[in-house]
Amino acid sequence: MKNKTFTTGVIGTLVTILCCATPILNILLGSVGLASITGYLDYVLIPALAIFLTLAIFFYNKSSKSNCKNDSCCSVD
């Protein structure tokens, strides 16, 4: 479950960055006649980017921690 959530966070972050950094979404919406809503994309894409990025970072940090019950059995390099 941890890896699935981390993967979802990374893929969501990449897709959101792709839509924010490139005019892909503007071209697609313009081609289907919905160009008038492109001004509101920032209100959706920026919070989505923050959510996906937070999700990815949180589960990356959670998965990188050791599973040892006793700290003496683990060595930190």
# chains A, B, ... in the order shown; residues from 1 in each chain; ligands from 1
>>> residues_around(residues="Thr54 in chain A", least_positions_apart="3", cutoff="12 Å", atoms="only C-alpha atoms", output="short mmCIF file (atom, residue, chain, number, x, y, z; two decimals) with N, CA and C atoms, in the first residue's frame")
data_model
loop_
_atom_site.label_atom_id
_atom_site.label_comp_id
_atom_site.auth_asym_id
_atom_site.auth_seq_id
_atom_site.Cartn_x
_atom_site.Cartn_y
_atom_site.Cartn_z
N THR A 5 0.75 4.21 -2.96
CA THR A 5 0.45 5.61 -2.65
C THR A 5 1.60 6.51 -3.07
N PHE A 6 2.84 6.08 -2.86
CA PHE A 6 3.99 6.86 -3.30
C PHE A 6 3.99 6.99 -4.82
N THR A 8 1.41 6.84 -6.80
CA THR A 8 0.32 7.76 -7.15
C THR A 8 0.74 9.21 -6.96
N GLY A 9 1.45 9.49 -5.89
CA GLY A 9 1.93 10.85 -5.65
C GLY A 9 2.92 11.32 -6.69
N VAL A 10 3.83 10.44 -7.08
CA VAL A 10 4.84 10.81 -8.09
C VAL A 10 4.19 11.00 -9.45
N GLY A 12 1.02 11.69 -10.10
CA GLY A 12 0.17 12.89 -10.04
C GLY A 12 0.98 14.17 -10.12
N THR A 13 2.13 14.18 -9.45
CA THR A 13 3.00 15.35 -9.50
C THR A 13 3.53 15.58 -10.91
N PRO A 47 -3.14 23.81 -6.42
CA PRO A 47 -3.43 22.97 -5.24
C PRO A 47 -3.24 21.48 -5.49
N ALA A 48 -3.56 21.01 -6.70
CA ALA A 48 -3.34 19.60 -7.02
C ALA A 48 -1.86 19.26 -6.98
N LEU A 49 -1.03 20.16 -7.48
CA LEU A 49 0.42 19.96 -7.42
C LEU A 49 0.90 19.90 -5.98
N ALA A 50 0.40 20.78 -5.15
CA ALA A 50 0.80 20.77 -3.74
C ALA A 50 0.37 19.49 -3.04
N ILE A 51 -0.83 19.01 -3.32
CA ILE A 51 -1.32 17.78 -2.69
C ILE A 51 -0.51 16.58 -3.13
N ILE A 57 6.22 13.12 -1.02
CA ILE A 57 7.28 13.35 -0.04
C ILE A 57 6.98 12.65 1.27
N PHE A 58 5.73 12.70 1.72
CA PHE A 58 5.36 12.06 2.98
C PHE A 58 5.59 10.55 2.92
N PHE A 59 5.14 9.90 1.86
CA PHE A 59 5.29 8.45 1.79
C PHE A 59 6.71 8.03 1.44
N TYR A 60 7.48 8.90 0.79
CA TYR A 60 8.89 8.60 0.57
C TYR A 60 9.63 8.59 1.91
N ASN A 61 9.38 9.60 2.72
CA ASN A 61 10.02 9.67 4.04
C ASN A 61 9.57 8.53 4.94
#
>>> residues_around(residues="Ala21 in chain A", least_positions_apart="3", cutoff="12 Å", atoms="only C-alpha atoms", output="list in words")
Thr13, Leu14, Val15, Thr16, Ile17, Leu18, Ile24, Leu25, Asn26, Leu41, Asp42, Leu45, Ile46 and Leu49 of chain A
>>> write_last_selection(atoms="N, CA and C atoms", output="PDB file, in the first residue's frame")
ATOM      1  N   THR A  13       2.132  14.179  -9.446  1.00  0.00           N
ATOM      2  CA  THR A  13       3.005  15.350  -9.498  1.00  0.00           C
ATOM      3  C   THR A  13       3.526  15.580 -10.912  1.00  0.00           C
ATOM      4  N   LEU A  14       3.956  14.526 -11.570  1.00  0.00           N
ATOM      5  CA  LEU A  14       4.475  14.667 -12.934  1.00  0.00           C
ATOM      6  C   LEU A  14       3.407  15.142 -13.912  1.00  0.00           C
ATOM      7  N   VAL A  15       2.211  14.605 -13.806  1.00  0.00           N
ATOM      8  CA  VAL A  15       1.128  15.011 -14.709  1.00  0.00           C
ATOM      9  C   VAL A  15       0.740  16.467 -14.453  1.00  0.00           C
ATOM     10  N   THR A  16       0.676  16.850 -13.189  1.00  0.00           N
ATOM     11  CA  THR A  16       0.329  18.230 -12.861  1.00  0.00           C
ATOM     12  C   THR A  16       1.397  19.202 -13.321  1.00  0.00           C
ATOM     13  N   ILE A  17       2.662  18.841 -13.141  1.00  0.00           N
ATOM     14  CA  ILE A  17       3.748  19.700 -13.622  1.00  0.00           C
ATOM     15  C   ILE A  17       3.709  19.803 -15.137  1.00  0.00           C
ATOM     16  N   LEU A  18       3.408  18.699 -15.803  1.00  0.00           N
ATOM     17  CA  LEU A  18       3.324  18.715 -17.257  1.00  0.00           C
ATOM     18  C   LEU A  18       2.220  19.656 -17.730  1.00  0.00           C
ATOM     19  N   ILE A  24       0.005  22.171 -22.916  1.00  0.00           N
ATOM     20  CA  ILE A  24      -0.752  21.012 -23.398  1.00  0.00           C
ATOM     21  C   ILE A  24      -2.237  21.157 -23.084  1.00  0.00           C
ATOM     22  N   LEU A  25      -2.551  21.501 -21.841  1.00  0.00           N
ATOM     23  CA  LEU A  25      -3.948  21.614 -21.442  1.00  0.00           C
ATOM     24  C   LEU A  25      -4.642  22.774 -22.156  1.00  0.00           C
ATOM     25  N   ASN A  26      -3.925  23.866 -22.376  1.00  0.00           N
ATOM     26  CA  ASN A  26      -4.513  24.993 -23.114  1.00  0.00           C
ATOM     27  C   ASN A  26      -4.844  24.607 -24.548  1.00  0.00           C
ATOM     28  N   LEU A  41      -7.464  27.489 -14.673  1.00  0.00           N
ATOM     29  CA  LEU A  41      -6.674  26.273 -14.468  1.00  0.00           C
ATOM     30  C   LEU A  41      -5.720  26.379 -13.284  1.00  0.00           C
ATOM     31  N   ASP A  42      -5.210  27.575 -13.032  1.00  0.00           N
ATOM     32  CA  ASP A  42      -4.281  27.743 -11.917  1.00  0.00           C
ATOM     33  C   ASP A  42      -4.952  27.480 -10.576  1.00  0.00           C
ATOM     34  N   LEU A  45      -4.852  23.475 -10.691  1.00  0.00           N
ATOM     35  CA  LEU A  45      -3.576  22.783 -10.872  1.00  0.00           C
ATOM     36  C   LEU A  45      -2.566  23.059  -9.759  1.00  0.00           C
ATOM     37  N   ILE A  46      -2.510  24.261  -9.250  1.00  0.00           N
ATOM     38  CA  ILE A  46      -1.548  24.570  -8.186  1.00  0.00           C
ATOM     39  C   ILE A  46      -1.878  23.812  -6.890  1.00  0.00           C
ATOM     40  N   LEU A  49      -1.027  20.162  -7.479  1.00  0.00           N
ATOM     41  CA  LEU A  49       0.420  19.958  -7.421  1.00  0.00           C
ATOM     42  C   LEU A  49       0.897  19.895  -5.977  1.00  0.00           C
TER      43      LEU A  49
END
>>> atom_distance(atom1="CA of Ala56 in chain A", atom2="CA of Leu29 in chain A")
28.0 Å
>>> atom_distance(atom1="CA of Leu55 in chain A", atom2="CA of Pro23 in chain A")
25.0 Å
